[in-house]
file run_31.cif (mmCIF, C-alpha atoms)
data_protein
loop_
_atom_site.group_PDB
_atom_site.id
_atom_site.type_symbol
_atom_site.label_atom_id
_atom_site.label_comp_id
_atom_site.auth_asym_id
_atom_site.auth_seq_id
_atom_site.Cartn_x
_atom_site.Cartn_y
_atom_site.Cartn_z
ATOM 1 C CA MET A 912 0.000 0.000 0.000
ATOM 2 C CA ALA A 913 1.344 3.426 -0.889
ATOM 3 C CA THR A 914 2.109 5.729 2.014
ATOM 4 C CA ASN A 915 2.092 9.470 2.366
ATOM 5 C CA PRO A 916 5.532 10.987 1.764
ATOM 6 C CA ASN A 917 4.481 14.190 3.528
ATOM 7 C CA ALA A 918 3.483 12.482 6.768
ATOM 8 C CA GLU A 919 5.346 13.607 9.863
ATOM 9 C CA SER A 920 8.036 11.091 10.793
ATOM 10 C CA ALA A 921 6.905 10.891 14.411
ATOM 11 C CA GLY A 922 3.207 10.632 13.658
ATOM 12 C CA PRO A 923 0.845 8.332 11.787
ATOM 13 C CA VAL A 924 1.369 7.567 8.115
ATOM 14 C CA TRP A 925 -1.736 7.669 5.915
ATOM 15 C CA PRO A 926 -2.144 6.185 2.421
ATOM 16 C CA SER A 927 -1.183 8.790 -0.174
ATOM 17 C CA THR A 928 -4.372 8.029 -2.113
ATOM 18 C CA GLY A 929 -6.634 8.820 0.851
ATOM 19 C CA PHE A 930 -8.001 12.235 1.776
ATOM 20 C CA PHE A 931 -5.729 12.948 4.743
ATOM 21 C CA GLY A 932 -2.637 11.584 3.012
ATOM 22 C CA GLN A 933 -2.981 14.117 0.187
ATOM 23 C CA LEU A 934 -2.862 17.127 2.515
ATOM 24 C CA THR A 935 0.113 19.228 3.531
ATOM 25 C CA PRO A 936 1.161 19.089 7.206
ATOM 26 C CA GLY A 937 -0.202 22.614 7.645
ATOM 27 C CA THR A 938 -3.650 21.694 6.347
ATOM 28 C CA ARG A 939 -3.765 18.579 8.503
ATOM 29 C CA ALA A 940 -2.839 20.665 11.538
ATOM 30 C CA ALA A 941 -5.614 23.179 10.738
ATOM 31 C CA ILE A 942 -8.167 20.354 10.489
ATOM 32 C CA LEU A 943 -7.012 18.794 13.744
ATOM 33 C CA ARG A 944 -7.420 22.146 15.498
ATOM 34 C CA ARG A 945 -10.979 22.616 14.246
ATOM 35 C CA GLY A 946 -12.301 19.076 14.529
ATOM 36 C CA THR A 947 -13.247 16.880 17.475
ATOM 37 C CA ARG A 948 -11.185 13.709 17.832
ATOM 38 C CA ARG A 949 -12.520 10.598 19.500
ATOM 39 C CA GLN A 950 -11.603 6.962 19.956
ATOM 40 C CA CYS A 951 -13.882 4.432 18.238
ATOM 41 C CA SER A 952 -14.466 0.969 19.632
ATOM 42 C CA ALA A 953 -15.137 -2.072 17.462
ATOM 43 C CA GLY A 954 -18.793 -2.142 16.393
ATOM 44 C CA GLU A 955 -19.379 1.558 17.074
ATOM 45 C CA THR A 956 -21.382 3.435 14.435
ATOM 46 C CA VAL A 957 -19.642 6.627 13.354
ATOM 47 C CA ILE A 958 -22.314 7.743 10.857
ATOM 48 C CA HIS A 959 -25.969 6.663 11.041
ATOM 49 C CA GLU A 960 -28.012 6.031 7.901
ATOM 50 C CA GLY A 961 -30.955 8.445 7.655
ATOM 51 C CA ALA A 962 -29.465 10.962 10.108
ATOM 52 C CA ARG A 963 -29.112 14.653 9.321
ATOM 53 C CA SER A 964 -25.887 15.481 7.480
ATOM 54 C CA ASP A 965 -24.279 18.092 9.721
ATOM 55 C CA SER A 966 -20.615 17.043 9.669
ATOM 56 C CA ALA A 967 -17.903 15.214 7.766
ATOM 57 C CA VAL A 968 -15.756 12.565 9.427
ATOM 58 C CA ILE A 969 -12.079 11.916 8.808
ATOM 59 C CA LEU A 970 -11.027 8.400 9.758
ATOM 60 C CA LEU A 971 -7.611 8.814 11.371
ATOM 61 C CA SER A 972 -6.960 5.133 12.064
ATOM 62 C CA GLY A 973 -8.731 1.790 12.072
ATOM 63 C CA LEU A 974 -10.931 -0.142 9.658
ATOM 64 C CA TYR A 975 -14.554 0.771 8.905
ATOM 65 C CA LYS A 976 -17.459 -0.819 7.057
ATOM 66 C CA VAL A 977 -19.974 1.196 5.046
ATOM 67 C CA VAL A 978 -23.338 -0.572 5.309
ATOM 68 C CA GLY A 979 -26.826 0.139 4.037
ATOM 69 C CA LEU A 980 -30.256 -1.290 4.755
ATOM 70 C CA THR A 981 -31.953 -3.282 2.002
ATOM 71 C CA GLU A 982 -35.698 -3.224 1.326
ATOM 72 C CA THR A 983 -36.048 -6.345 3.463
ATOM 73 C CA GLY A 984 -34.374 -4.658 6.429
ATOM 74 C CA ARG A 985 -31.096 -6.550 6.173
ATOM 75 C CA GLU A 986 -27.719 -4.841 6.165
ATOM 76 C CA ALA A 987 -25.563 -4.981 3.057
ATOM 77 C CA LEU A 988 -21.858 -4.193 3.069
ATOM 78 C CA LEU A 989 -21.212 -1.468 0.485
ATOM 79 C CA ALA A 990 -17.551 -0.541 0.937
ATOM 80 C CA ILE A 991 -14.501 -0.636 3.190
ATOM 81 C CA ARG A 992 -12.821 2.497 4.515
ATOM 82 C CA VAL A 993 -9.518 2.874 6.359
ATOM 83 C CA GLY A 994 -7.495 5.478 8.236
ATOM 84 C CA GLY A 995 -7.026 8.615 6.151
ATOM 85 C CA ASP A 996 -10.368 8.331 4.361
ATOM 86 C CA LEU A 997 -13.079 10.993 4.373
ATOM 87 C CA VAL A 998 -16.701 9.957 4.922
ATOM 88 C CA GLY A 999 -19.943 11.894 5.211
ATOM 89 C CA GLU A 1000 -18.957 14.556 2.684
ATOM 90 C CA LEU A 1001 -21.715 13.668 0.227
ATOM 91 C CA GLY A 1002 -24.420 14.551 2.736
ATOM 92 C CA ILE A 1003 -22.856 17.936 3.372
ATOM 93 C CA ALA A 1004 -22.622 18.538 -0.380
ATOM 94 C CA ASP A 1005 -26.332 18.001 -1.078
ATOM 95 C CA GLY A 1006 -27.916 18.433 2.381
ATOM 96 C CA GLU A 1007 -29.705 15.082 2.167
ATOM 97 C CA PRO A 1008 -29.877 12.570 5.050
ATOM 98 C CA ARG A 1009 -27.095 10.011 5.345
ATOM 99 C CA SER A 1010 -27.428 7.341 2.656
ATOM 100 C CA ALA A 1011 -25.482 4.683 4.596
ATOM 101 C CA SER A 1012 -23.965 3.938 7.986
ATOM 102 C CA VAL A 1013 -20.245 3.796 8.750
ATOM 103 C CA ARG A 1014 -19.254 1.365 11.484
ATOM 104 C CA ALA A 1015 -15.871 0.667 13.047
ATOM 105 C CA ALA A 1016 -14.739 -2.911 12.456
ATOM 106 C CA ALA A 1017 -11.874 -2.524 14.922
ATOM 107 C CA ARG A 1018 -10.560 0.028 17.391
ATOM 108 C CA GLY A 1019 -9.600 3.294 15.758
ATOM 109 C CA GLU A 1020 -9.765 7.051 15.931
ATOM 110 C CA CYS A 1021 -11.827 9.519 13.940
ATOM 111 C CA LEU A 1022 -12.267 13.267 13.739
ATOM 112 C CA ARG A 1023 -15.634 14.944 13.295
ATOM 113 C CA LEU A 1024 -15.600 18.247 11.423
ATOM 114 C CA GLY A 1025 -18.749 20.361 11.630
ATOM 115 C CA GLU A 1026 -20.331 21.615 8.419
ATOM 116 C CA ARG A 1027 -19.229 25.232 8.904
ATOM 117 C CA ASP A 1028 -15.645 24.239 9.734
ATOM 118 C CA TYR A 1029 -15.571 21.768 6.841
ATOM 119 C CA HIS A 1030 -16.546 24.429 4.322
ATOM 120 C CA ALA A 1031 -14.077 26.886 5.870
ATOM 121 C CA ILE A 1032 -11.239 24.373 5.467
ATOM 122 C CA LEU A 1033 -12.139 23.736 1.820
ATOM 123 C CA ARG A 1034 -12.374 27.468 1.163
ATOM 124 C CA THR A 1035 -9.026 28.389 2.737
ATOM 125 C CA HIS A 1036 -6.948 25.289 1.900
ATOM 126 C CA PRO A 1037 -6.901 24.411 -1.823
ATOM 127 C CA ASP A 1038 -5.230 21.049 -1.209
ATOM 128 C CA ALA A 1039 -8.149 20.003 1.022
ATOM 129 C CA ASN A 1040 -10.629 21.150 -1.622
ATOM 130 C CA ARG A 1041 -8.852 19.086 -4.275
ATOM 131 C CA ALA A 1042 -8.593 16.042 -2.008
ATOM 132 C CA ALA A 1043 -12.290 16.195 -1.099
ATOM 133 C CA SER A 1044 -13.246 16.448 -4.774
ATOM 134 C CA ARG A 1045 -11.061 13.449 -5.576
ATOM 135 C CA ALA A 1046 -12.623 11.472 -2.725
ATOM 136 C CA MET A 1047 -16.138 12.106 -4.040
ATOM 137 C CA ALA A 1048 -15.097 11.383 -7.620
ATOM 138 C CA ALA A 1049 -13.480 8.094 -6.600
ATOM 139 C CA LYS A 1050 -16.641 6.971 -4.830
ATOM 140 C CA LEU A 1051 -18.826 7.866 -7.797
ATOM 141 C CA ARG A 1052 -16.473 6.065 -10.186
ATOM 142 C CA SER A 1053 -16.491 2.996 -7.942
ATOM 143 C CA ALA A 1054 -20.285 2.982 -7.787
ATOM 144 C CA THR A 1055 -20.513 3.293 -11.582
ATOM 145 C CA ARG A 1056 -17.976 0.505 -12.087
ATOM 146 C CA ARG A 1057 -19.882 -1.787 -9.727
ATOM 147 C CA ARG A 1058 -23.161 -1.185 -11.562
ATOM 148 C CA VAL A 1059 -21.536 -1.981 -14.901
ATOM 149 C CA GLU A 1060 -19.919 -5.116 -13.485
ATOM 150 C CA PHE A 1061 -23.191 -6.321 -11.947
ATOM 151 C CA ALA A 1062 -24.917 -5.952 -15.310
ATOM 152 C CA THR A 1063 -22.079 -7.422 -17.384
ATOM 153 C CA PHE A 1064 -20.103 -10.071 -15.519
ATOM 154 C CA PRO A 1065 -21.130 -13.330 -13.820
ATOM 155 C CA ALA A 1066 -20.850 -13.585 -10.040
ATOM 156 C CA PRO A 1067 -17.508 -15.511 -9.974
ATOM 157 C CA VAL A 1068 -15.841 -12.764 -12.027
ATOM 158 C CA ARG A 1069 -17.283 -10.084 -9.742
ATOM 159 C CA ALA A 1070 -15.998 -11.984 -6.708
ATOM 160 C CA ALA A 1071 -12.505 -12.185 -8.222
ATOM 161 C CA ARG A 1072 -12.606 -8.438 -8.945
ATOM 162 C CA VAL A 1073 -13.592 -7.670 -5.365
ATOM 163 C CA LEU A 1074 -10.677 -9.748 -4.053
ATOM 164 C CA ARG A 1075 -8.320 -7.987 -6.470
ATOM 165 C CA GLU A 1076 -9.595 -4.590 -5.299
ATOM 166 C CA LEU A 1077 -9.256 -5.529 -1.623
ATOM 167 C CA ALA A 1078 -5.735 -6.841 -2.203
ATOM 168 C CA ALA A 1079 -4.690 -3.646 -3.988
ATOM 169 C CA ALA A 1080 -6.233 -1.287 -1.431
ATOM 170 C CA HIS A 1081 -5.805 -3.145 1.849
ATOM 171 C CA GLY A 1082 -3.372 -6.003 1.223
ATOM 172 C CA THR A 1083 0.008 -6.534 2.878
ATOM 173 C CA ARG A 1084 2.612 -8.081 0.597
ATOM 174 C CA ASN A 1085 5.242 -10.586 1.737
ATOM 175 C CA GLU A 1086 7.096 -13.572 0.309
ATOM 176 C CA ARG A 1087 3.982 -15.761 0.555
ATOM 177 C CA GLY A 1088 1.648 -13.457 -1.323
ATOM 178 C CA VAL A 1089 -0.744 -10.630 -0.494
ATOM 179 C CA LEU A 1090 -2.553 -10.912 2.831
ATOM 180 C CA ILE A 1091 -6.009 -9.316 3.072
ATOM 181 C CA GLU A 1092 -6.379 -9.179 6.835
ATOM 182 C CA ILE A 1093 -9.823 -7.617 7.027
ATOM 183 C CA ALA A 1094 -12.517 -9.060 9.279
ATOM 184 C CA LEU A 1095 -14.944 -9.907 6.480
ATOM 185 C CA ALA A 1096 -17.429 -12.713 6.913
ATOM 186 C CA GLN A 1097 -18.489 -14.594 3.788
ATOM 187 C CA PRO A 1098 -21.938 -12.905 3.692
ATOM 188 C CA GLU A 1099 -20.172 -9.510 3.700
ATOM 189 C CA LEU A 1100 -17.820 -10.571 0.925
ATOM 190 C CA ALA A 1101 -20.857 -11.802 -0.997
ATOM 191 C CA ALA A 1102 -22.544 -8.405 -0.530
ATOM 192 C CA LEU A 1103 -19.517 -6.587 -1.950
ATOM 193 C CA ALA A 1104 -19.552 -8.854 -4.995
ATOM 194 C CA GLY A 1105 -23.317 -8.790 -5.454
ATOM 195 C CA ALA A 1106 -23.333 -12.586 -5.188
ATOM 196 C CA THR A 1107 -24.881 -15.229 -2.985
ATOM 197 C CA GLU A 1108 -22.975 -16.670 -0.067
ATOM 198 C CA ALA A 1109 -23.045 -20.080 -1.795
ATOM 199 C CA THR A 1110 -21.329 -18.574 -4.842
ATOM 200 C CA ILE A 1111 -18.615 -17.024 -2.696
ATOM 201 C CA GLN A 1112 -18.051 -20.361 -0.979
ATOM 202 C CA ARG A 1113 -17.656 -22.086 -4.359
ATOM 203 C CA VAL A 1114 -15.272 -19.386 -5.634
ATOM 204 C CA LEU A 1115 -13.079 -19.571 -2.536
ATOM 205 C CA THR A 1116 -13.071 -23.377 -2.594
ATOM 206 C CA SER A 1117 -11.982 -23.350 -6.237
ATOM 207 C CA MET A 1118 -9.245 -20.802 -5.496
ATOM 208 C CA ARG A 1119 -7.930 -22.928 -2.648
ATOM 209 C CA GLU A 1120 -7.902 -26.064 -4.806
ATOM 210 C CA GLU A 1121 -6.077 -24.258 -7.612
ATOM 211 C CA GLU A 1122 -3.674 -22.592 -5.142
ATOM 212 C CA ILE A 1123 -4.710 -19.122 -6.203
ATOM 213 C CA ALA A 1124 -5.612 -18.169 -2.639
ATOM 214 C CA GLU A 1125 -5.756 -19.553 0.855
ATOM 215 C CA THR A 1126 -8.201 -18.582 3.563
ATOM 216 C CA GLY A 1127 -8.445 -18.557 7.327
ATOM 217 C CA TYR A 1128 -10.706 -17.051 9.948
ATOM 218 C CA ARG A 1129 -11.567 -13.678 8.416
ATOM 219 C CA TRP A 1130 -8.420 -13.423 6.330
ATOM 220 C CA ILE A 1131 -7.539 -14.269 2.728
ATOM 221 C CA ARG A 1132 -4.078 -14.571 1.201
ATOM 222 C CA ILE A 1133 -3.669 -14.175 -2.543
ATOM 223 C CA LEU A 1134 -0.988 -16.653 -3.636
ATOM 224 C CA ASP A 1135 -1.081 -16.132 -7.410
ATOM 225 C CA GLU A 1136 -1.987 -12.598 -8.487
ATOM 226 C CA ARG A 1137 -1.621 -13.354 -12.194
ATOM 227 C CA ARG A 1138 -4.211 -16.110 -12.089
ATOM 228 C CA LEU A 1139 -6.512 -13.974 -9.942
ATOM 229 C CA ASP A 1140 -6.314 -11.296 -12.642
ATOM 230 C CA GLU A 1141 -7.257 -13.914 -15.227
ATOM 231 C CA LEU A 1142 -10.303 -14.915 -13.178
ATOM 232 C CA ALA A 1143 -11.237 -11.245 -12.865
ATOM 233 C CA GLY A 1144 -11.093 -10.822 -16.636
ATOM 234 C CA PHE A 1145 -8.010 -8.611 -16.739
#
call {"tool": "encode", "arguments": {"input": "run_31.cif", "output": "structure tokens"}}
result
Amino acid sequence: MATNPNAESAGPVWPSTGFFGQLTPGTRAAILRRGTRRQCSAGETVIHEGARSDSAVILLSGLYKVVGLTETGREALLAIRVGGDLVGELGIADGEPRSASVRAAARGECLRLGERDYHAILRTHPDANRAASRAMAAKLRSATRRRVEFATFPAPVRAARVLRELAAAHGTRNERGVLIEIALAQPELAALAGATEATIQRVLTSMREEEIAETGYRWIRILDERRLDELAGF
């Protein structure tokens, strides 16, 4: 995973592709002065679906799941977010209620930035304005790509693409492969791929048999990235 070359040597290091990792030290300091930091425990909801959009949240550390309620009242996993990411900015942009919930999957820290302070930061710090625009654009592109994939590709290909995306964004590389150490249950992985849990089980079983991947309790290791790319249609 790429890291932020501008991060302070004594402090946290955020991915350079995330919102906070794109900012200068001065802009980060200005945000930290204005916002309210808090520790998040595993399972805690940081943003509630349907609530009024009165703040943006910067995830400083930890792992978070973006979930939404289906028409049947069940939760569906929509995305994964990590330290350095910005969430809640869409609601501030259009004033509509929150479209999804954001829940901590592990202990972490976040910073809540009120609507007035958020707009002031964007107005006075061009790098924050650019980073926020990129964050929204990336989410819209991802949503468009998922819709196209759901309409075009069969479930096994979608599952392979989700694993490829998770490996690229959240994987840790070593001599044995790329470890995706995210606490994702099979139903959650199925939700990300728009597939049934039975399909995900078959895909993972096939990958294990063909030594493309190995799995454990809430972790997956990609052993052969080239063959995973072939399964994903790349």
call {"tool": "resolve_selection", "arguments": {"input": "run_31.cif", "expression": "the PyMOL selection byres ((chain A and resi 1018) around 8)", "output": "NGL selection string"}}
result
:A and (950-953 or 973-974 or 1015-1017 or 1019-1020)
call {"tool": "residues_around", "arguments": {"input": "run_31.cif", "residues": "Ile969 in chain A", "least_positions_apart": "5", "cutoff": "6 Å", "atoms": "all atoms listed in the file", "output": "MDAnalysis selection string"}}
result
chainID A and resid 996:997 1021:1022
call {"tool": "closest_atom_pairs", "arguments": {"input": "run_31.cif", "of": "range 971-1029 of chain A", "to": "range 1100-1119 of chain A", "cutoff": "6 Å", "atoms": "all atoms listed in the file", "output": "Markdown table"}}
result
| residue | atom | partner | partner_atom | distance |
| --- | --- | --- | --- | --- |
| A:Ala987 | CA | A:Ala1102 | CA | 5.8 |
| A:Leu988 | CA | A:Ala1102 | CA | 5.6 |
| A:Leu989 | CA | A:Leu1103 | CA | 5.9 |
call {"tool": "write_last_selection", "arguments": {"input": "run_31.cif", "atoms": "C-alpha atoms", "output": "mmCIF file, keeping the file's coordinate frame"}}
result
data_model
loop_
_atom_site.group_PDB
_atom_site.id
_atom_site.type_symbol
_atom_site.label_atom_id
_atom_site.label_comp_id
_atom_site.auth_asym_id
_atom_site.auth_seq_id
_atom_site.Cartn_x
_atom_site.Cartn_y
_atom_site.Cartn_z
ATOM 1 C CA ALA A 987 -25.563 -4.981 3.057
ATOM 2 C CA LEU A 988 -21.858 -4.193 3.069
ATOM 3 C CA LEU A 989 -21.212 -1.468 0.485
#
call {"tool": "atom_distance", "arguments": {"input": "run_31.cif", "atom1": "CA of Tyr975 in chain A", "atom2": "CA of Arg992 in chain A"}}
result
5.0 Å
call {"tool": "atom_distance", "arguments": {"input": "run_31.cif", "atom1": "CA of Gly994 in chain A", "atom2": "CA of Leu970 in chain A"}}
result
4.8 Å
call {"tool": "atom_distance", "arguments": {"input": "run_31.cif", "atom1": "CA of Ile1003 in chain A", "atom2": "CA of Leu1051 in chain A"}}
result
15.6 Å
call {"tool": "residues_near_point", "arguments": {"input": "run_31.cif", "point": "(-3.7, 6.4, 3.4)", "cutoff": "8 Å", "atoms": "all atoms listed in the file", "output": "JSON, numbers by chain"}}
result
{"A": [913, 914, 915, 924, 925, 926, 927, 928, 929, 930, 931, 932, 993, 994, 995, 996]}
call {"tool": "axis_aligned_box", "arguments": {"input": "run_31.cif", "around": "range 1084-1089 of chain A", "padding_each_side": "5 Å", "output": "lines of an AutoDock Vina configuration file"}}
result
center_x = 3.2
center_y = -11.9
center_z = 0.2
size_x = 17.8
size_y = 17.7
size_z = 13.1
call {"tool": "resolve_selection", "arguments": {"input": "run_31.cif", "expression": "the PyMOL selection byres ((chain A and resi 1126) around 12)", "output": "ChimeraX atom specification"}}
result
/A:1074,1089-1097,1112,1114-1120,1122-1125,1127-1134
call {"tool": "closest_residue", "arguments": {"input": "run_31.cif", "among": "A:Thr938, A:Ser1012, A:Thr983, A:Gln933", "to": "Glu955 in chain A", "atoms": "all atoms listed in the file"}}
result
A:Ser1012
call {"tool": "resolve_selection", "arguments": {"input": "run_31.cif", "expression": "the PyMOL selection byres ((chain A and resi 1000) around 10)", "output": "CSV table (one decimal) with C-alpha atoms, keeping the file's coordinate frame"}}
result
chain,number,residue,atom,x,y,z
A,964,SER,CA,-25.9,15.5,7.5
A,965,ASP,CA,-24.3,18.1,9.7
A,966,SER,CA,-20.6,17.0,9.7
A,967,ALA,CA,-17.9,15.2,7.8
A,968,VAL,CA,-15.8,12.6,9.4
A,969,ILE,CA,-12.1,11.9,8.8
A,997,LEU,CA,-13.1,11.0,4.4
A,998,VAL,CA,-16.7,10.0,4.9
A,999,GLY,CA,-19.9,11.9,5.2
A,1001,LEU,CA,-21.7,13.7,0.2
A,1002,GLY,CA,-24.4,14.6,2.7
A,1003,ILE,CA,-22.9,17.9,3.4
A,1004,ALA,CA,-22.6,18.5,-0.4
A,1005,ASP,CA,-26.3,18.0,-1.1
A,1006,GLY,CA,-27.9,18.4,2.4
A,1009,ARG,CA,-27.1,10.0,5.3
A,1026,GLU,CA,-20.3,21.6,8.4
A,1029,TYR,CA,-15.6,21.8,6.8
A,1043,ALA,CA,-12.3,16.2,-1.1
A,1044,SER,CA,-13.2,16.4,-4.8
A,1046,ALA,CA,-12.6,11.5,-2.7
A,1047,MET,CA,-16.1,12.1,-4.0
call {"tool": "closest_residue", "arguments": {"input": "run_31.cif", "among": "A:Arg1027, A:Arg1034, A:Arg1052, A:Arg1069", "to": "Gly946 in chain A", "atoms": "only C-alpha atoms"}}
result
A:Arg1027
call {"tool": "closest_residue", "arguments": {"input": "run_31.cif", "among": "A:Arg985, A:Arg1057, A:His1030, A:Arg948", "to": "Val1073 in chain A", "atoms": "only C-alpha atoms"}}
result
A:Arg1057
call {"tool": "closest_residue", "arguments": {"input": "run_31.cif", "among": "A:Arg1023, A:Lys1050, A:His1036, A:His959", "to": "Ser1010 in chain A", "atoms": "all atoms listed in the file"}}
result
A:His959
call {"tool": "closest_residue", "arguments": {"input": "run_31.cif", "among": "A:Thr1063, A:Thr1035, A:Ser972, A:Thr1055", "to": "Gly1144 in chain A", "atoms": "all atoms listed in the file"}}
result
A:Thr1063
call {"tool": "closest_residue", "arguments": {"input": "run_31.cif", "among": "A:Arg1072, A:Arg1041, A:Arg1014, A:Arg944", "to": "Arg1056 in chain A", "atoms": "all atoms listed in the file"}}
result
A:Arg1072
